[in-house]
Protein chains: 2
Amino acid sequence: MDIPSLIRATSALVEKRLGELLPKENEAPCPILHRSMRYSIFAGGKRIRPLLCTEAAKACGGKSEDALDAACALETLHTYTLIHDDLPCMDNDDLRRGKPTNHKVFGEGMAVLAGDALLTEAFRILSGVPENSVYSAKDYVRELANLTGSLHLVGGQALDLEGEGRTLSLEEIRSIHLGKTAALIMASVRLGGMSAACSSLQLDALSRYGRDLGLAFQLIDDILDVTSSPEVLGKSIGKDVRDKKATYCSLVGLEKAKEEARALTTSARQALEVFGEREREVLLDINDYLLNRDY
Amino acid sequence: MDIPSLIRATSALVEKRLGELLPKENEAPCPILHRSMRYSIFAGGKRIRPLLCTEAAKACGGKSEDALDAACALETLHTYTLIHDDLPCMDNDDLRRGKPTNHKVFGEGMAVLAGDALLTEAFRILSGVPENSVYSAKDYVRELANLTGSLHLVGGQALDLEGEGRTLSLEEIRSIHLGKTAALIMASVRLGGMSAACSSLQLDALSRYGRDLGLAFQLIDDILDVTSSPEVLGKSIGKDVRDKKATYCSLVGLEKAKEEARALTTSARQALEVFGEREREVLLDINDYLLNRDY
């Protein structure tokens with residue numbers, strides 16, 4: 001499968017649907033808030049989480065249309081985490097995907113509120129997803145809230161913040177990666193599977209695939225922060241070193257980190273063995289594609 | 001009905017249940033995040049929104065137990081708005097309910113994350129509320145997300161923020177009050193009614209009651225900011241004047257604002273006429289109690 005083409009096609013569908021689902025720019029009571037929300041939503045991400053959601057649905061025999069709104073909720077939630085993560089009191093980043101970060105354009109207060117509104121919007125969207133014989137909308141809400149709350153995603157962000165300026169253990173870094181990145185990728189494939197009324201065997205397989213792919217994804221991010229250029233990444237690089245932030249790379253070295261990323265990618269691949277060869281093909285290709293990316 | 005006793009009794013139930021529902025202080029991956037969440041949740045509010053939720057349920061013939069988890073979700077969501085509202089990039093408040101605000105104790109970054117986690121937690125709790133023949137958990141989620149997102153609550157906060165330093169019109173101030181305060185109070189009584197499988201006539205009546213009570217509540221807040229003392233309020237006073245913030249009081253004067261609060265309280269009272277005399281009694285008493293408060 002040609003993954004870059006699939007990414008473009010899925011992005012187009014997701015962006016069209018996000019445009020329909022989110023409040024318009026001129027809507028009351030505060031149009032500038034809606035401009036701020038849409039600025040970050042349409043800042044040109046690759047929509048990897050929506051892609052994983054719709055492809056997981058297809059792997060389980062479902063239709064991507066039935067997973068589309070869940071995919072949009074995932075991207076909406078992901079965007080809120082980026083806006084809040086970039087704030088001066090958090091990572092203090094000026095650049096995201098080659099553009100000024102939300103608070104650089106709209107101010108800190110408005111960026112906090114745009115993040116809050118997008119987080120709320122994710123749950124509003126989820127409350128309207130198509131239901132099936134196995135999963136109802138409340139299952140999606142519980143799933144996303146669980147994986148993105150204080151026990152997982154926000155917990156990972158908090159540990160990352162709390163660990164600044166001290167040396168983290170490998171175990172702590174792993175917890176941060178699990179929370180900050182793997183949790184939402186896990187949620188993406190799980191919600192996709194659920195939209196196709198998947199079996200619990202399939203759901204478990206998708207969980208392991210999502211977790212290991214997510215951990216590999218974050219490792220590769222850390223590696224690229226050392227080896228890439230800002231032009232390719234569209235964001236500041238060498239930041240972790242500059243911030244004296246312990247990363248997997250700084251603790252175990254670049255080669256060992258690459259090896260670990262490959263091992264995780266293999267594990268993610270193995271997790272999909274419960275699916276038929278044709279069913280798992282695209283998820284496997286996405287896995288390989290993300291391991292070998294240079295941006 | 002002795003409202004102060006009722007407030008104490010409901011608070012005790014709500015606080016016990018919140019203690020069960022929220023993650024414990026020592027839970028992984030970041031215990032300090034859970035301490036920060038619990039610090040603000042248990043900072044001693046009067047739990048007016050949970051009270052309105054459980055009493056609306058009773059007015060519709062339901063049991064307060066069936067509304068308890070929705071009440072806890074409302075308080076959890078309310079607490080997130082307070083934490084974010086107090087941030088330096090928003091209202092920049094050092095004191096809340098007589099105690100240092102969350103970011104003064106845990107730092108700005110952790111306060112942003114505690115708010116994010118509590119917002120997420122509100123939806124996690126809602127996904128597990130008891131369902132009935134009329135309303136399912138997804139209806140509660142949609143209801144809360146709608147009234148607390150960019151079109152209502154967060155929109156009101158954003159308009160408030162955006163309007164700083166310029167003279168607001170009465171209409172804009174009304175929009176801010178509707179969003180910042182009335183929307184969540186409306187959600188409180190509506191979720192309570194829904195937990196009792198209320199009729200659409202009852203739901204409409206509760207909406208108007210909640211909206212007008214909420215608007216009166218915010219007007220009285222503005223009035224007390226001018227007339228009360230920090231000892232009684234447990235927070236800084238005269239802040240609106242100091243920040244050159246246009247309030248309803250500064251635009252129309254104290255007497256006219258008091259008159260408007262009384263008119264809204266009367267309108268809230270009238271909204272309840274669709275209920276029987278015994279059913280509406282407690283909601284009416286809460287209405288009178290909140291109008292006449294001095295804190």
# chains A, B, ... in the order shown; residues from 1 in each chain; ligands from 1
>>> interface_residues(of="chain B", to="chain A", cutoff="6 Å", atoms="only C-alpha atoms", output="ChimeraX atom specification")
/B:29-30,89-90,108-109,117,120,124,127,137-138,142,145,149-150,155,159
>>> select_by_dssp(residues="stretch 38-106 of chain B", states="helix (DSSP H, G or I)", output="PyMOL selection string")
chain B and resi 38-41+48-59+64-86+102-106
>>> select_by_dssp(residues="stretch 32-129 of chain B", states="strand (DSSP E or B)", output="VMD selection string")
chain B and resid 95 to 96 99 to 100
>>> residues_around(residues="B:Thr266", least_positions_apart="2", cutoff="10 Å", atoms="only C-alpha atoms", output="NGL selection string")
:B and (209 or 212-213 or 216 or 260-264 or 268-271 or 284 or 287-288)
>>> write_last_selection(atoms="N, CA and C atoms", output="PDB file, in the first residue's frame")
ATOM      1  N   TYR B 209     -35.230  28.139  34.611  1.00  0.00           N
ATOM      2  CA  TYR B 209     -34.870  28.327  36.019  1.00  0.00           C
ATOM      3  C   TYR B 209     -33.359  28.424  36.164  1.00  0.00           C
ATOM      4  N   ASP B 212     -31.859  31.715  34.533  1.00  0.00           N
ATOM      5  CA  ASP B 212     -32.131  32.964  35.251  1.00  0.00           C
ATOM      6  C   ASP B 212     -31.469  32.959  36.633  1.00  0.00           C
ATOM      7  N   LEU B 213     -31.486  31.813  37.282  1.00  0.00           N
ATOM      8  CA  LEU B 213     -30.781  31.698  38.556  1.00  0.00           C
ATOM      9  C   LEU B 213     -29.288  31.939  38.340  1.00  0.00           C
ATOM     10  N   ALA B 216     -28.606  35.626  37.770  1.00  0.00           N
ATOM     11  CA  ALA B 216     -28.733  36.340  39.049  1.00  0.00           C
ATOM     12  C   ALA B 216     -27.513  36.055  39.923  1.00  0.00           C
ATOM     13  N   GLU B 260     -32.076  44.149  38.949  1.00  0.00           N
ATOM     14  CA  GLU B 260     -32.031  43.141  37.885  1.00  0.00           C
ATOM     15  C   GLU B 260     -31.891  41.734  38.481  1.00  0.00           C
ATOM     16  N   ALA B 261     -31.064  41.615  39.523  1.00  0.00           N
ATOM     17  CA  ALA B 261     -30.893  40.310  40.186  1.00  0.00           C
ATOM     18  C   ALA B 261     -32.220  39.838  40.761  1.00  0.00           C
ATOM     19  N   ARG B 262     -32.968  40.783  41.353  1.00  0.00           N
ATOM     20  CA  ARG B 262     -34.281  40.421  41.914  1.00  0.00           C
ATOM     21  C   ARG B 262     -35.246  39.997  40.805  1.00  0.00           C
ATOM     22  N   ALA B 263     -35.198  40.715  39.679  1.00  0.00           N
ATOM     23  CA  ALA B 263     -36.098  40.384  38.557  1.00  0.00           C
ATOM     24  C   ALA B 263     -35.788  38.985  38.014  1.00  0.00           C
ATOM     25  N   LEU B 264     -34.511  38.677  37.918  1.00  0.00           N
ATOM     26  CA  LEU B 264     -34.120  37.353  37.420  1.00  0.00           C
ATOM     27  C   LEU B 264     -34.546  36.259  38.389  1.00  0.00           C
ATOM     28  N   ALA B 268     -36.912  33.168  37.541  1.00  0.00           N
ATOM     29  CA  ALA B 268     -36.529  31.780  37.833  1.00  0.00           C
ATOM     30  C   ALA B 268     -37.644  31.089  38.625  1.00  0.00           C
ATOM     31  N   ARG B 269     -38.209  31.843  39.580  1.00  0.00           N
ATOM     32  CA  ARG B 269     -39.330  31.335  40.387  1.00  0.00           C
ATOM     33  C   ARG B 269     -40.521  30.969  39.501  1.00  0.00           C
ATOM     34  N   GLN B 270     -40.841  31.870  38.590  1.00  0.00           N
ATOM     35  CA  GLN B 270     -41.997  31.644  37.714  1.00  0.00           C
ATOM     36  C   GLN B 270     -41.809  30.426  36.810  1.00  0.00           C
ATOM     37  N   ALA B 271     -40.551  30.198  36.411  1.00  0.00           N
ATOM     38  CA  ALA B 271     -40.280  29.068  35.509  1.00  0.00           C
ATOM     39  C   ALA B 271     -40.720  27.747  36.124  1.00  0.00           C
ATOM     40  N   LEU B 284     -37.144  26.525  44.867  1.00  0.00           N
ATOM     41  CA  LEU B 284     -37.507  27.919  45.147  1.00  0.00           C
ATOM     42  C   LEU B 284     -36.712  28.459  46.334  1.00  0.00           C
ATOM     43  N   ASN B 287     -33.209  29.238  45.350  1.00  0.00           N
ATOM     44  CA  ASN B 287     -33.247  30.480  44.581  1.00  0.00           C
ATOM     45  C   ASN B 287     -33.230  31.697  45.513  1.00  0.00           C
ATOM     46  N   ASP B 288     -34.108  31.698  46.508  1.00  0.00           N
ATOM     47  CA  ASP B 288     -34.172  32.814  47.460  1.00  0.00           C
ATOM     48  C   ASP B 288     -32.875  32.911  48.262  1.00  0.00           C
TER      49      ASP B 288
END
>>> residues_around(residues="stretch 49-58 of chain A", least_positions_apart="6", cutoff="7 Å", atoms="only C-alpha atoms", output="compact mmCIF listing (two decimals) with N, CA and C atoms, in the first residue's frame")
# COMPACT_ATOMS: atom_id res chain seq x y z
N ILE A 7 -2.34 8.56 3.39
CA ILE A 7 -2.33 9.66 4.35
C ILE A 7 -3.02 10.88 3.75
N THR A 10 -6.88 10.19 3.43
CA THR A 10 -7.55 10.20 4.73
C THR A 10 -7.58 11.60 5.32
N SER A 64 -14.68 2.64 6.91
CA SER A 64 -14.01 3.81 7.47
C SER A 64 -15.01 4.93 7.78
N ALA A 67 -16.06 5.03 11.26
CA ALA A 67 -15.02 5.43 12.22
C ALA A 67 -14.64 6.89 12.07
N LEU A 68 -15.23 7.57 11.08
CA LEU A 68 -14.75 8.92 10.74
C LEU A 68 -14.95 9.93 11.87
N ALA A 71 -12.53 9.32 14.54
CA ALA A 71 -11.22 9.79 14.06
C ALA A 71 -11.09 11.30 14.25
N CYS A 72 -12.16 12.01 13.96
CA CYS A 72 -12.15 13.48 14.14
C CYS A 72 -12.04 13.85 15.62
N LEU A 74 -10.52 12.13 17.88
CA LEU A 74 -9.12 11.87 18.25
C LEU A 74 -8.20 13.00 17.82
N GLU A 75 -8.41 13.50 16.61
CA GLU A 75 -7.56 14.59 16.13
C GLU A 75 -7.83 15.88 16.90
N ILE A 185 -2.48 6.82 20.72
CA ILE A 185 -2.39 5.95 19.54
C ILE A 185 -3.14 4.64 19.81
N SER A 188 -6.66 5.38 19.45
CA SER A 188 -7.04 5.53 18.03
C SER A 188 -7.40 4.19 17.41
N VAL A 189 -6.54 3.20 17.58
CA VAL A 189 -6.85 1.90 16.97
C VAL A 189 -7.99 1.20 17.71
N LEU A 191 -10.61 2.67 19.25
CA LEU A 191 -11.89 3.27 18.83
C LEU A 191 -12.25 2.81 17.42
N GLY A 192 -11.23 2.70 16.56
CA GLY A 192 -11.48 2.21 15.20
C GLY A 192 -12.05 0.79 15.23
N GLY A 193 -11.41 -0.08 15.99
CA GLY A 193 -11.90 -1.45 16.12
C GLY A 193 -13.31 -1.49 16.69
N SER A 195 -15.60 0.73 16.44
CA SER A 195 -16.59 1.21 15.45
C SER A 195 -16.97 0.08 14.48
N ALA A 196 -16.13 -0.97 14.42
CA ALA A 196 -16.43 -2.12 13.56
C ALA A 196 -16.93 -3.30 14.38
N LEU A 283 -2.19 -1.87 8.18
CA LEU A 283 -1.66 -1.51 9.51
C LEU A 283 -0.17 -1.85 9.59
